[in-house]
>>> print(open('my_file.txt').read())   # compact mmCIF, C-alpha atoms
# COMPACT_ATOMS: atom_id res chain seq x y z
CA MET A 1 66.90 101.20 82.94
CA THR A 2 66.79 102.86 79.58
CA GLY A 3 66.88 100.31 76.77
CA ARG A 4 67.46 100.96 73.11
CA ASP A 5 63.73 100.92 72.35
CA GLU A 6 62.97 103.48 75.02
CA LEU A 7 65.87 105.66 73.94
CA ALA A 8 64.69 105.56 70.37
CA ASP A 9 61.70 107.61 71.48
CA ASP A 10 64.05 110.44 72.35
CA LEU A 11 66.87 109.78 69.97
CA ALA A 12 65.77 109.31 66.42
CA GLY A 13 67.20 106.45 64.40
CA ASP A 14 70.96 106.26 64.20
CA LEU A 15 71.43 108.73 67.01
CA ALA A 16 71.43 105.93 69.60
CA ASP A 17 74.33 104.34 67.69
CA ASP A 18 76.08 107.70 67.55
CA LEU A 19 75.61 108.22 71.28
CA LEU A 20 76.99 104.73 71.89
CA ALA A 21 80.03 105.59 69.75
CA LEU A 22 80.51 108.85 71.66
CA LEU A 23 80.36 107.10 75.04
CA LEU A 24 83.03 104.62 73.97
CA ARG A 25 85.27 107.38 72.61
CA ILE A 26 85.03 109.46 75.77
CA GLY A 27 85.00 106.43 78.03
CA ASP A 28 88.12 104.93 76.42
CA ASP A 29 89.97 108.28 76.50
CA HIS A 30 89.32 108.48 80.22
CA LEU A 31 89.99 104.83 81.09
CA ILE A 32 93.30 104.64 79.23
CA LEU A 33 94.59 108.00 80.49
CA GLY A 34 93.35 107.13 83.97
CA HIS A 35 95.30 103.88 83.83
CA ARG A 36 98.42 105.70 82.66
CA LEU A 37 98.16 108.15 85.56
CA SER A 38 97.62 105.32 88.02
CA GLU A 39 100.96 103.86 86.92
CA TRP A 40 102.60 106.73 88.82
CA CYS A 41 101.18 105.48 92.11
CA GLY A 42 104.20 104.72 94.28
CA HIS A 43 106.61 106.23 91.75
CA ALA A 44 105.90 109.98 91.82
CA PRO A 45 108.81 112.35 92.50
CA MET A 46 107.31 113.43 95.82
CA LEU A 47 104.66 112.16 98.21
CA GLU A 48 102.29 115.04 97.43
CA GLU A 49 102.24 114.10 93.73
CA ASP A 50 101.96 110.43 94.62
CA LEU A 51 98.50 111.33 95.91
CA ALA A 52 97.66 114.00 93.33
CA LEU A 53 98.23 111.74 90.31
CA PRO A 54 95.98 108.88 91.54
CA ASN A 55 93.41 111.51 92.58
CA MET A 56 93.25 112.65 88.96
CA ALA A 57 93.31 109.05 87.73
CA LEU A 58 90.25 108.26 89.84
CA ASP A 59 88.38 111.26 88.40
CA LEU A 60 89.07 109.91 84.91
CA ILE A 61 88.14 106.33 85.75
CA GLY A 62 84.90 107.60 87.31
CA THR A 63 83.98 109.19 83.99
CA ALA A 64 84.89 105.98 82.14
CA ARG A 65 82.55 104.04 84.45
CA MET A 66 79.68 106.42 83.70
CA CYS A 67 80.30 106.07 79.97
CA TYR A 68 80.49 102.27 80.03
CA GLY A 69 77.46 101.94 82.28
CA TYR A 70 75.40 104.12 79.97
CA ALA A 71 76.79 102.40 76.87
CA ALA A 72 75.79 99.02 78.31
CA GLU A 73 72.21 100.23 78.77
CA ILE A 74 71.99 101.60 75.24
CA GLU A 75 73.52 98.45 73.81
CA GLY A 76 71.16 96.32 75.90
CA GLY A 77 73.19 93.18 75.25
CA GLY A 78 74.01 92.28 78.82
CA ARG A 79 77.51 93.74 78.82
CA GLY A 80 78.67 95.70 81.87
CA GLU A 81 81.41 98.18 82.78
CA ASP A 82 84.01 95.46 83.29
CA ASP A 83 83.30 93.90 79.90
CA TYR A 84 84.12 97.16 78.15
CA ALA A 85 87.24 97.80 80.23
CA PHE A 86 88.72 94.36 80.60
CA LEU A 87 87.39 92.09 77.86
CA ARG A 88 87.82 94.12 74.69
CA ASP A 89 90.89 93.76 72.50
CA GLY A 90 93.02 96.69 71.42
CA THR A 91 91.33 97.15 68.06
CA ASP A 92 87.98 97.63 69.82
CA PHE A 93 89.22 100.64 71.81
CA ARG A 94 88.30 104.07 70.44
CA HIS A 95 90.53 106.46 72.43
CA MET A 96 92.83 108.94 70.79
CA LEU A 97 96.45 107.90 70.58
CA MET A 98 97.84 110.56 72.95
CA VAL A 99 96.30 108.93 76.03
CA GLU A 100 97.96 105.55 75.44
CA ARG A 101 101.46 107.01 75.04
CA PRO A 102 103.84 105.83 77.77
CA ASN A 103 104.14 108.27 80.67
CA GLY A 104 107.71 109.35 79.96
CA ASP A 105 109.02 111.62 82.68
CA PHE A 106 107.01 113.81 85.05
CA ALA A 107 107.08 116.76 82.62
CA HIS A 108 105.67 114.57 79.85
CA THR A 109 102.87 113.27 82.06
CA MET A 110 101.95 116.74 83.30
CA LEU A 111 101.91 118.29 79.82
CA ARG A 112 99.72 115.48 78.49
CA GLN A 113 97.35 115.90 81.43
CA PHE A 114 97.19 119.63 80.87
CA LEU A 115 96.43 119.28 77.14
CA PHE A 116 93.76 116.65 77.78
CA ALA A 117 92.02 118.68 80.50
CA ALA A 118 92.23 121.89 78.44
CA TRP A 119 90.32 120.03 75.73
CA MET A 120 87.81 118.16 77.90
CA HIS A 121 86.87 121.15 80.06
CA PRO A 122 85.09 123.10 77.30
CA LEU A 123 83.66 119.85 75.97
CA TRP A 124 81.99 119.03 79.30
CA ASP A 125 81.05 122.66 79.75
CA GLY A 126 79.16 122.49 76.47
CA LEU A 127 77.43 119.28 77.53
CA THR A 128 76.05 120.65 80.81
CA GLY A 129 73.00 121.73 78.83
CA ALA A 130 72.82 118.66 76.58
CA PRO A 131 69.36 117.24 75.83
CA ASP A 132 70.39 113.99 77.51
CA ALA A 133 70.01 113.96 81.30
CA ARG A 134 72.73 111.35 81.91
CA LEU A 135 75.35 113.24 79.92
CA ALA A 136 74.31 116.65 81.21
CA ASP A 137 74.31 115.47 84.80
CA HIS A 138 77.79 113.96 84.54
CA ALA A 139 79.09 117.00 82.68
CA GLY A 140 78.25 119.15 85.70
CA LYS A 141 80.55 117.00 87.83
CA ALA A 142 83.29 116.45 85.24
CA VAL A 143 83.66 120.13 84.37
CA LYS A 144 84.81 120.80 87.95
CA GLU A 145 87.23 117.88 87.86
CA MET A 146 88.74 119.11 84.60
CA ALA A 147 89.06 122.65 85.98
CA TYR A 148 91.21 121.25 88.78
CA HIS A 149 93.27 119.10 86.40
CA ILE A 150 93.98 122.20 84.29
CA ARG A 151 95.06 124.11 87.37
CA HIS A 152 97.18 121.33 88.87
CA SER A 153 98.93 120.24 85.68
CA GLY A 154 99.08 123.79 84.29
CA GLU A 155 100.94 125.09 87.35
CA TRP A 156 103.49 122.31 86.88
CA VAL A 157 103.83 123.08 83.16
CA ILE A 158 104.59 126.69 84.10
CA ARG A 159 107.09 125.80 86.81
CA LEU A 160 108.91 123.19 84.77
CA GLY A 161 108.83 125.19 81.53
CA ASP A 162 110.09 128.31 83.29
CA GLY A 163 112.17 126.50 85.92
CA THR A 164 115.74 125.26 85.71
CA ALA A 165 117.61 124.56 82.46
CA GLU A 166 116.97 120.85 83.01
CA SER A 167 113.24 121.20 83.69
CA ALA A 168 112.81 123.53 80.69
CA ARG A 169 114.63 121.05 78.46
CA ARG A 170 112.34 118.26 79.64
CA MET A 171 109.16 120.30 79.12
CA ARG A 172 110.27 121.25 75.58
CA ALA A 173 111.02 117.59 74.86
CA ALA A 174 107.55 116.64 76.12
CA LEU A 175 105.96 119.19 73.81
CA ASP A 176 107.98 117.89 70.85
CA ASP A 177 106.91 114.35 71.68
CA LEU A 178 103.19 115.05 72.26
CA GLY A 179 102.72 117.70 69.57
CA PRO A 180 101.89 115.30 66.72
CA TYR A 181 99.09 113.70 68.81
CA ILE A 182 97.14 116.90 69.54
CA GLY A 183 95.44 117.15 66.14
CA GLU A 184 93.42 113.99 66.79
CA MET A 185 91.44 115.86 69.49
CA PHE A 186 89.93 118.10 66.87
CA GLU A 187 89.22 115.55 64.17
CA SER A 188 85.61 115.20 63.14
CA ASP A 189 83.61 112.60 61.26
CA ASP A 190 79.97 111.89 60.33
CA THR A 191 79.24 110.54 63.80
CA ALA A 192 80.60 113.65 65.49
CA ALA A 193 78.79 115.94 63.06
CA ARG A 194 75.43 114.27 63.78
CA LEU A 195 76.08 114.49 67.53
CA VAL A 196 76.88 118.19 67.24
CA ALA A 197 73.69 118.75 65.27
CA ALA A 198 71.73 116.93 67.99
CA GLY A 199 73.34 118.97 70.77
CA LEU A 200 75.13 115.89 72.14
CA LEU A 201 78.54 117.40 71.41
CA PRO A 202 79.43 121.09 71.65
CA ASP A 203 80.43 123.09 68.61
CA PRO A 204 84.00 121.98 67.85
CA ALA A 205 85.01 125.54 66.94
CA ALA A 206 83.99 126.78 70.39
CA VAL A 207 85.89 123.95 72.07
CA ARG A 208 88.95 124.84 70.02
CA VAL A 209 88.76 128.52 70.97
CA ALA A 210 88.61 127.64 74.68
CA PHE A 211 91.44 125.11 74.31
CA ASP A 212 93.65 127.60 72.47
CA SER A 213 93.00 130.25 75.09
CA THR A 214 93.84 127.96 78.03
CA VAL A 215 96.97 126.67 76.32
CA ALA A 216 98.19 130.11 75.22
CA ARG A 217 97.85 131.57 78.71
CA THR A 218 99.82 128.74 80.32
CA PHE A 219 102.41 128.34 77.55
CA THR A 220 103.27 132.06 77.71
CA MET A 221 103.98 131.79 81.43
CA ALA A 222 105.84 128.53 80.86
CA GLN A 223 108.15 130.14 78.25
CA LEU A 224 106.94 127.57 75.72
CA PRO A 225 106.51 128.43 72.04
CA PRO A 226 102.95 129.04 70.76
CA LEU A 227 101.19 125.76 70.04
CA GLU A 228 100.74 124.97 66.37
CA ILE A 229 98.37 122.10 65.75
CA SER A 230 98.91 120.15 62.58
CA THR A 231 97.18 117.05 61.31
CA GLY A 232 99.51 114.55 62.87
CA ILE A 233 99.28 110.95 63.90
CA SER A 234 95.75 109.61 64.22
CA GLY A 235 93.67 106.47 63.89
CA GLY A 236 92.67 105.88 67.50
CA ARG A 237 88.98 106.58 66.84
CA ALA A 238 89.05 103.81 64.22
CA GLY A 239 90.77 101.34 66.55
CA ARG A 240 94.25 101.68 65.01
CA HIS A 241 96.54 101.86 68.02
CA GLY A 242 100.23 101.75 68.73
CA GLU A 243 102.31 99.04 70.29
CA ALA A 244 102.08 100.79 73.66
CA LEU A 245 98.40 99.87 74.01
CA GLY A 246 99.13 96.15 73.88
CA HIS A 247 101.46 96.40 76.88
CA LEU A 248 98.97 98.60 78.74
CA LEU A 249 96.09 96.18 78.18
CA ALA A 250 98.22 93.18 79.14
CA GLU A 251 98.68 94.74 82.57
CA MET A 252 95.27 96.37 82.97
CA GLN A 253 93.24 93.34 81.81
CA PHE A 254 95.37 90.61 83.38
CA MET A 255 93.09 89.80 86.32
CA GLN A 256 89.90 89.45 84.27
CA ARG A 257 91.68 87.51 81.54
CA ALA A 258 93.32 85.12 84.02
CA TYR A 259 90.33 84.86 86.39
CA PRO A 260 87.18 85.56 84.33
CA GLY A 261 84.33 87.05 86.33
CA LEU A 262 86.52 87.83 89.34
CA THR A 263 84.96 90.42 91.64
CA TRP A 264 86.18 92.34 94.68
CA MET B 1 113.29 116.18 89.94
CA SER B 2 116.72 117.64 89.33
CA ASP B 3 118.37 121.01 89.41
CA ASP B 4 120.94 122.23 86.89
CA SER B 5 123.69 120.09 88.34
CA GLY B 6 121.57 116.96 88.14
CA THR B 7 121.41 116.40 91.88
CA LEU B 8 118.17 115.71 93.74
CA MET B 9 116.01 118.73 94.49
CA PRO B 10 117.38 120.60 97.47
CA GLN B 11 115.20 121.27 100.47
CA ASP B 12 115.24 125.04 99.88
CA MET B 13 113.47 124.51 96.52
CA MET B 14 110.69 122.51 98.17
CA PRO B 15 110.23 124.04 101.61
CA LEU B 16 107.74 122.76 104.18
CA TRP B 17 104.27 124.32 104.62
CA GLU B 18 101.86 123.83 107.51
CA VAL B 19 98.31 123.02 106.41
CA PHE B 20 95.11 124.19 108.11
CA ILE B 21 91.65 122.98 107.06
CA ARG B 22 88.26 124.45 107.88
CA PRO B 23 85.99 121.38 108.18
CA ARG B 24 82.83 123.36 107.51
CA THR B 25 81.55 126.89 107.45
CA GLY B 26 81.48 128.45 110.91
CA LEU B 27 84.29 126.35 112.35
CA ALA B 28 87.90 127.47 112.69
CA HIS B 29 90.73 126.25 110.49
CA SER B 30 92.59 123.46 112.28
CA HIS B 31 96.11 122.21 111.76
CA VAL B 32 96.10 118.89 109.94
CA GLY B 33 99.71 118.35 108.84
CA SER B 34 102.29 119.62 106.40
CA VAL B 35 103.34 119.38 102.73
CA HIS B 36 106.41 120.12 100.65
CA ALA B 37 105.87 122.60 97.80
CA SER B 38 107.86 125.10 95.76
CA ASP B 39 105.56 128.03 96.56
CA GLU B 40 102.21 128.95 98.10
CA VAL B 41 100.13 128.11 95.01
CA MET B 42 101.57 124.61 94.80
CA ALA B 43 101.28 124.24 98.58
CA VAL B 44 97.50 124.83 98.46
CA GLN B 45 97.19 122.27 95.64
CA ALA B 46 99.30 119.74 97.51
CA ALA B 47 97.21 120.32 100.65
CA ARG B 48 94.02 119.80 98.63
CA ASP B 49 95.34 116.54 97.20
CA VAL B 50 96.78 115.18 100.44
CA TYR B 51 94.32 116.34 103.10
CA THR B 52 90.88 116.77 101.50
CA ARG B 53 90.44 113.48 99.65
CA ARG B 54 87.55 112.38 101.84
CA GLY B 55 85.59 115.60 102.00
CA GLU B 56 87.42 116.92 105.06
CA GLY B 57 87.05 120.60 104.35
CA VAL B 58 85.70 123.69 102.64
CA SER B 59 88.75 125.95 102.97
CA ILE B 60 92.53 125.55 103.13
CA TRP B 61 95.23 127.73 104.66
CA VAL B 62 98.93 127.11 104.15
CA VAL B 63 101.70 128.85 106.08
CA PRO B 64 105.46 128.50 105.58
CA SER B 65 106.63 126.27 108.42
CA ALA B 66 109.58 128.62 108.87
CA SER B 67 107.11 131.41 109.71
CA ILE B 68 105.77 129.59 112.76
CA THR B 69 107.17 130.83 116.05
CA ALA B 70 106.78 128.15 118.69
CA SER B 71 107.02 128.17 122.46
CA ASP B 72 110.24 126.78 123.89
CA PRO B 73 109.83 123.21 125.20
CA ASP B 74 112.33 124.08 127.93
CA GLN B 75 109.90 126.70 129.20
CA ARG B 76 106.98 124.31 129.36
CA ASP B 77 106.80 124.17 133.14
CA GLU B 78 106.87 127.93 133.65
CA ASN B 79 104.44 128.49 130.79
CA PHE B 80 101.78 125.94 131.55
CA GLU B 81 102.04 124.53 135.06
CA PRO B 82 100.83 127.64 136.93
CA THR B 83 97.37 127.22 135.43
CA ALA B 84 96.92 123.75 136.88
CA SER B 85 96.04 125.18 140.33
CA LYS B 86 93.52 127.72 138.99
CA ILE B 87 90.50 125.56 138.30
CA TYR B 88 88.24 128.55 139.13
CA ARG B 89 89.02 129.85 135.67
CA HIS B 90 86.88 127.09 134.18
CA PRO B 91 83.29 128.28 133.66
CA SER B 92 81.85 125.37 135.62
CA PHE B 93 80.94 127.02 138.94
CA TYR B 94 77.55 128.39 138.09
CA ASP B 95 74.25 126.89 136.88
CA ILE B 96 72.92 127.67 133.43
CA PRO B 97 69.12 128.09 133.39
CA ASP B 98 67.37 125.41 131.36
CA ASP B 99 65.74 128.09 129.19
CA VAL B 100 69.13 129.00 127.77
CA GLY B 101 69.31 125.61 126.07
CA HIS B 102 72.47 124.46 124.34
CA MET B 103 75.44 126.76 124.75
>>> encode(input="my_file.txt", output="structure tokens")
Amino acid sequence: MTGRDELADDLAGDLADDLLALLLRIGDDHLILGHRLSEWCGHAPMLEEDLALPNMALDLIGTARMCYGYAAEIEGGGRGEDDYAFLRDGTDFRHMLMVERPNGDFAHTMLRQFLFAAWMHPLWDGLTGAPDARLADHAGKAVKEMAYHIRHSGEWVIRLGDGTAESARRMRAALDDLGPYIGEMFESDDTAARLVAAGLLPDPAAVRVAFDSTVARTFTMAQLPPLEISTGISGGRAGRHGEALGHLLAEMQFMQRAYPGLTW
Amino acid sequence: MSDDSGTLMPQDMMPLWEVFIRPRTGLAHSHVGSVHASDEVMAVQAARDVYTRRGEGVSIWVVPSASITASDPDQRDENFEPTASKIYRHPSFYDIPDDVGHM
């Protein structure tokens, strides 16, 4: 077990706090989006997708578990994975707002998944060589998972965007709805800047170039207009969330709130 | 999923594909089941998501079910019964030297 004191040998001063902040940002992004995807279980438009969506959800929740487990060790306060997932209130969550948005229709869910994976793939790719064994090790696994999410959701974006009049209308509507939430992916702050300097986050410009390239290739085939990212709705990294999160947490945290300490 | 008229997706938009998985290198692809998908790319993805969740394979083949030509069940007797009386075709009538080891 790596405690804060031990980590401090490797990570000077505030960097342990920054790493903790990073793990909660990434962990919360993955937990909340993973929960949203899991809501499709039993409701997907076809059996094949009823398995594909939970498959992707489990990839995301696996990453959240790694983040929370590592965060708990850095924090050293006796908290565990479940405490982070099930016993924090909405204002303590640090995910970006896009991932908490309700699923909408299948087109909306697939576009959101595509955008998220197109962003996370270069981020993990950049972390495979990070000077932190835990992060680098997980990045090697996650980069493959994100490559599949891009492929799976991207093929759907193409087929719905360039499909029937109805599917194209729905994909355009999804883009209109999600557009304002994309800018939050590329926001930076002092924490992020220090992590980049320490090699614990890849260069944001490089991540953006990879994201733009993935999106442009798929959007062209999907007959979607070029993506223009503006500074839109944000606040998730500071714990300012929308009403949707309250409903999500009420369902996701119910068991631990009603039966504290319950285990499988 | 709807088409232009708002009805449920018709079967011809999501045809059936037969799925074959190679469990590991060196073994043959074996039939494991089928999936619905709009085209071959989506069929491979669907096969991956439905049939390889527990590490079942290292390679996937998909084939349009409509492309499979099957033997006629009505011809089963004439196809397969004549072999029942030809047990000498089984390679079990000679001894394999111990030195050969596992074959």
>>> residues_around(input="my_file.txt", residues="stretch 66-79 of chain B", least_positions_apart="3", cutoff="12 Å", atoms="only C-alpha atoms", output="ChimeraX atom specification")
/B:12,15-19,34,62-63,82-84
>>> closest_residue(input="my_file.txt", among="A:Met56, A:Ala250, A:Ala193, A:Ala117", to="A:Thr214", atoms="all atoms listed in the file")
A:Ala117
>>> atom_distance(input="my_file.txt", atom1="atom CA of A:Gln223", atom2="atom CA of A:Asp162")
5.7 Å
>>> closest_atom_pairs(input="my_file.txt", of="chain A", to="chain B", cutoff="8 Å", atoms="only C-alpha atoms", output="tab-separated table")
residue	atom	partner	partner_atom	distance
A:Pro45	CA	B:Met1	CA	6.4
A:Glu48	CA	B:Ala46	CA	5.6
A:Glu49	CA	B:Ala46	CA	7.4
A:Leu51	CA	B:Val50	CA	6.2
A:Ala52	CA	B:Asp49	CA	5.2
A:Asn55	CA	B:Asp49	CA	7.1
A:His152	CA	B:Gln45	CA	6.8
A:Glu155	CA	B:Met42	CA	7.5
A:Thr164	CA	B:Asp4	CA	6.1
A:Ala165	CA	B:Asp4	CA	6.0
A:Glu166	CA	B:Asp4	CA	5.7
A:Ser167	CA	B:Ser2	CA	7.5
>>> residues_around(input="my_file.txt", residues="A:Glu100", least_positions_apart="6", cutoff="10 Å", atoms="all atoms listed in the file", output="ChimeraX atom specification")
/A:28-29,31-36,236,241-249
>>> write_last_selection(input="my_file.txt", atoms="C-alpha atoms", output="mmCIF file, keeping the file's coordinate frame")
data_model
loop_
_atom_site.group_PDB
_atom_site.id
_atom_site.type_symbol
_atom_site.label_atom_id
_atom_site.label_comp_id
_atom_site.auth_asym_id
_atom_site.auth_seq_id
_atom_site.Cartn_x
_atom_site.Cartn_y
_atom_site.Cartn_z
ATOM 1 C CA ASP A 28 88.120 104.930 76.420
ATOM 2 C CA ASP A 29 89.970 108.280 76.500
ATOM 3 C CA LEU A 31 89.990 104.830 81.090
ATOM 4 C CA ILE A 32 93.300 104.640 79.230
ATOM 5 C CA LEU A 33 94.590 108.000 80.490
ATOM 6 C CA GLY A 34 93.350 107.130 83.970
ATOM 7 C CA HIS A 35 95.300 103.880 83.830
ATOM 8 C CA ARG A 36 98.420 105.700 82.660
ATOM 9 C CA GLY A 236 92.670 105.880 67.500
ATOM 10 C CA HIS A 241 96.540 101.860 68.020
ATOM 11 C CA GLY A 242 100.230 101.750 68.730
ATOM 12 C CA GLU A 243 102.310 99.040 70.290
ATOM 13 C CA ALA A 244 102.080 100.790 73.660
ATOM 14 C CA LEU A 245 98.400 99.870 74.010
ATOM 15 C CA GLY A 246 99.130 96.150 73.880
ATOM 16 C CA HIS A 247 101.460 96.400 76.880
ATOM 17 C CA LEU A 248 98.970 98.600 78.740
ATOM 18 C CA LEU A 249 96.090 96.180 78.180
#
>>> residues_around(input="my_file.txt", residues="A:Tyr259", least_positions_apart="6", cutoff="12 Å", atoms="all atoms listed in the file", output="PDB file with C-alpha atoms, in the frame of the given file")
ATOM      1  CA  PHE A  86      88.720  94.360  80.600  1.00  0.00           C
ATOM      2  CA  LEU A  87      87.390  92.090  77.860  1.00  0.00           C
ATOM      3  CA  GLN A 253      93.240  93.340  81.810  1.00  0.00           C
TER       4      GLN A 253
END
>>> atom_distance(input="my_file.txt", atom1="atom CA of A:Lys144", atom2="atom CA of A:Ile158")
21.0 Å
>>> atom_distance(input="my_file.txt", atom1="atom CA of A:Ala147", atom2="atom CA of A:Gly126")
13.7 Å
>>> closest_residue(input="my_file.txt", among="B:Met13, B:Phe80, B:Val32, B:Pro64", to="B:Thr52", atoms="only C-alpha atoms")
B:Val32
>>> residues_around(input="my_file.txt", residues="A:Asp92", least_positions_apart="5", cutoff="9 Å", atoms="all atoms listed in the file", output="count of residues only")
3
>>> closest_residue(input="my_file.txt", among="B:Asp39, B:His102, B:Tyr88, B:Gly33", to="B:Ile21", atoms="all atoms listed in the file")
B:Gly33
>>> residues_around(input="my_file.txt", residues="stretch 60-77 of chain A", least_positions_apart="5", cutoff="10 Å", atoms="all atoms listed in the file", output="PyMOL selection string")
chain A and resi 1-8+16-17+19-35+37-38+54-55+82-85+134-135+138-139+141-142+145-146
>>> decode(input="my_file.txt", residues="stretch 5-71 of chain B", atoms="C-alpha atoms", output="CSV table (one decimal), in the first residue's frame")
chain,number,residue,atom,x,y,z
B,5,SER,CA,-42.5,5.7,-42.1
B,6,GLY,CA,-42.0,5.3,-38.3
B,7,THR,CA,-42.6,1.6,-38.3
B,8,LEU,CA,-40.3,-0.8,-36.5
B,9,MET,CA,-37.1,-1.8,-38.4
B,10,PRO,CA,-37.9,-4.3,-41.0
B,11,GLN,CA,-36.0,-7.6,-41.1
B,12,ASP,CA,-34.3,-6.8,-44.4
B,13,MET,CA,-32.5,-3.8,-42.7
B,14,MET,CA,-31.2,-6.1,-39.9
B,15,PRO,CA,-30.5,-9.4,-41.5
B,16,LEU,CA,-29.2,-12.5,-39.7
B,17,TRP,CA,-25.5,-13.4,-39.6
B,18,GLU,CA,-24.0,-16.7,-38.5
B,19,VAL,CA,-21.0,-16.3,-36.1
B,20,PHE,CA,-17.9,-18.4,-36.0
B,21,ILE,CA,-15.2,-18.1,-33.3
B,22,ARG,CA,-11.7,-19.4,-33.3
B,23,PRO,CA,-11.1,-20.2,-29.6
B,24,ARG,CA,-7.3,-20.0,-29.9
B,25,THR,CA,-4.6,-19.9,-32.5
B,26,GLY,CA,-4.3,-23.3,-34.3
B,27,LEU,CA,-7.9,-24.3,-33.9
B,28,ALA,CA,-10.6,-24.0,-36.5
B,29,HIS,CA,-13.4,-21.4,-36.3
B,30,SER,CA,-16.5,-23.0,-34.8
B,31,HIS,CA,-20.1,-22.0,-35.2
B,32,VAL,CA,-21.4,-20.4,-32.0
B,33,GLY,CA,-24.7,-18.7,-32.9
B,34,SER,CA,-26.1,-15.8,-34.8
B,35,VAL,CA,-26.7,-12.0,-34.6
B,36,HIS,CA,-28.8,-9.4,-36.3
B,37,ALA,CA,-26.8,-6.5,-37.9
B,38,SER,CA,-27.2,-4.0,-40.7
B,39,ASP,CA,-24.0,-5.0,-42.4
B,40,GLU,CA,-20.8,-7.0,-42.0
B,41,VAL,CA,-18.9,-4.4,-39.9
B,42,MET,CA,-21.7,-4.2,-37.4
B,43,ALA,CA,-22.1,-8.0,-37.5
B,44,VAL,CA,-18.5,-8.5,-36.3
B,45,GLN,CA,-19.0,-5.9,-33.6
B,46,ALA,CA,-22.3,-7.6,-32.5
B,47,ALA,CA,-20.5,-11.0,-32.5
B,48,ARG,CA,-17.7,-9.6,-30.4
B,49,ASP,CA,-20.1,-8.1,-27.9
B,50,VAL,CA,-22.4,-11.2,-27.7
B,51,TYR,CA,-20.1,-14.1,-28.0
B,52,THR,CA,-16.6,-13.1,-26.7
B,53,ARG,CA,-17.5,-11.6,-23.3
B,54,ARG,CA,-15.7,-14.3,-21.4
B,55,GLY,CA,-12.5,-14.6,-23.4
B,56,GLU,CA,-14.0,-17.2,-25.8
B,57,GLY,CA,-11.9,-16.3,-28.9
B,58,VAL,CA,-9.1,-14.7,-30.8
B,59,SER,CA,-10.8,-14.3,-34.2
B,60,ILE,CA,-14.4,-13.9,-35.5
B,61,TRP,CA,-16.0,-14.8,-38.8
B,62,VAL,CA,-19.5,-13.7,-39.8
B,63,VAL,CA,-21.4,-15.0,-42.8
B,64,PRO,CA,-24.8,-13.9,-44.0
B,65,SER,CA,-27.2,-16.6,-42.9
B,66,ALA,CA,-28.8,-16.4,-46.3
B,67,SER,CA,-25.5,-17.5,-47.9
B,68,ILE,CA,-25.5,-20.8,-46.1
B,69,THR,CA,-26.6,-23.7,-48.2
B,70,ALA,CA,-27.8,-26.5,-46.0
B,71,SER,CA,-28.5,-30.2,-46.6
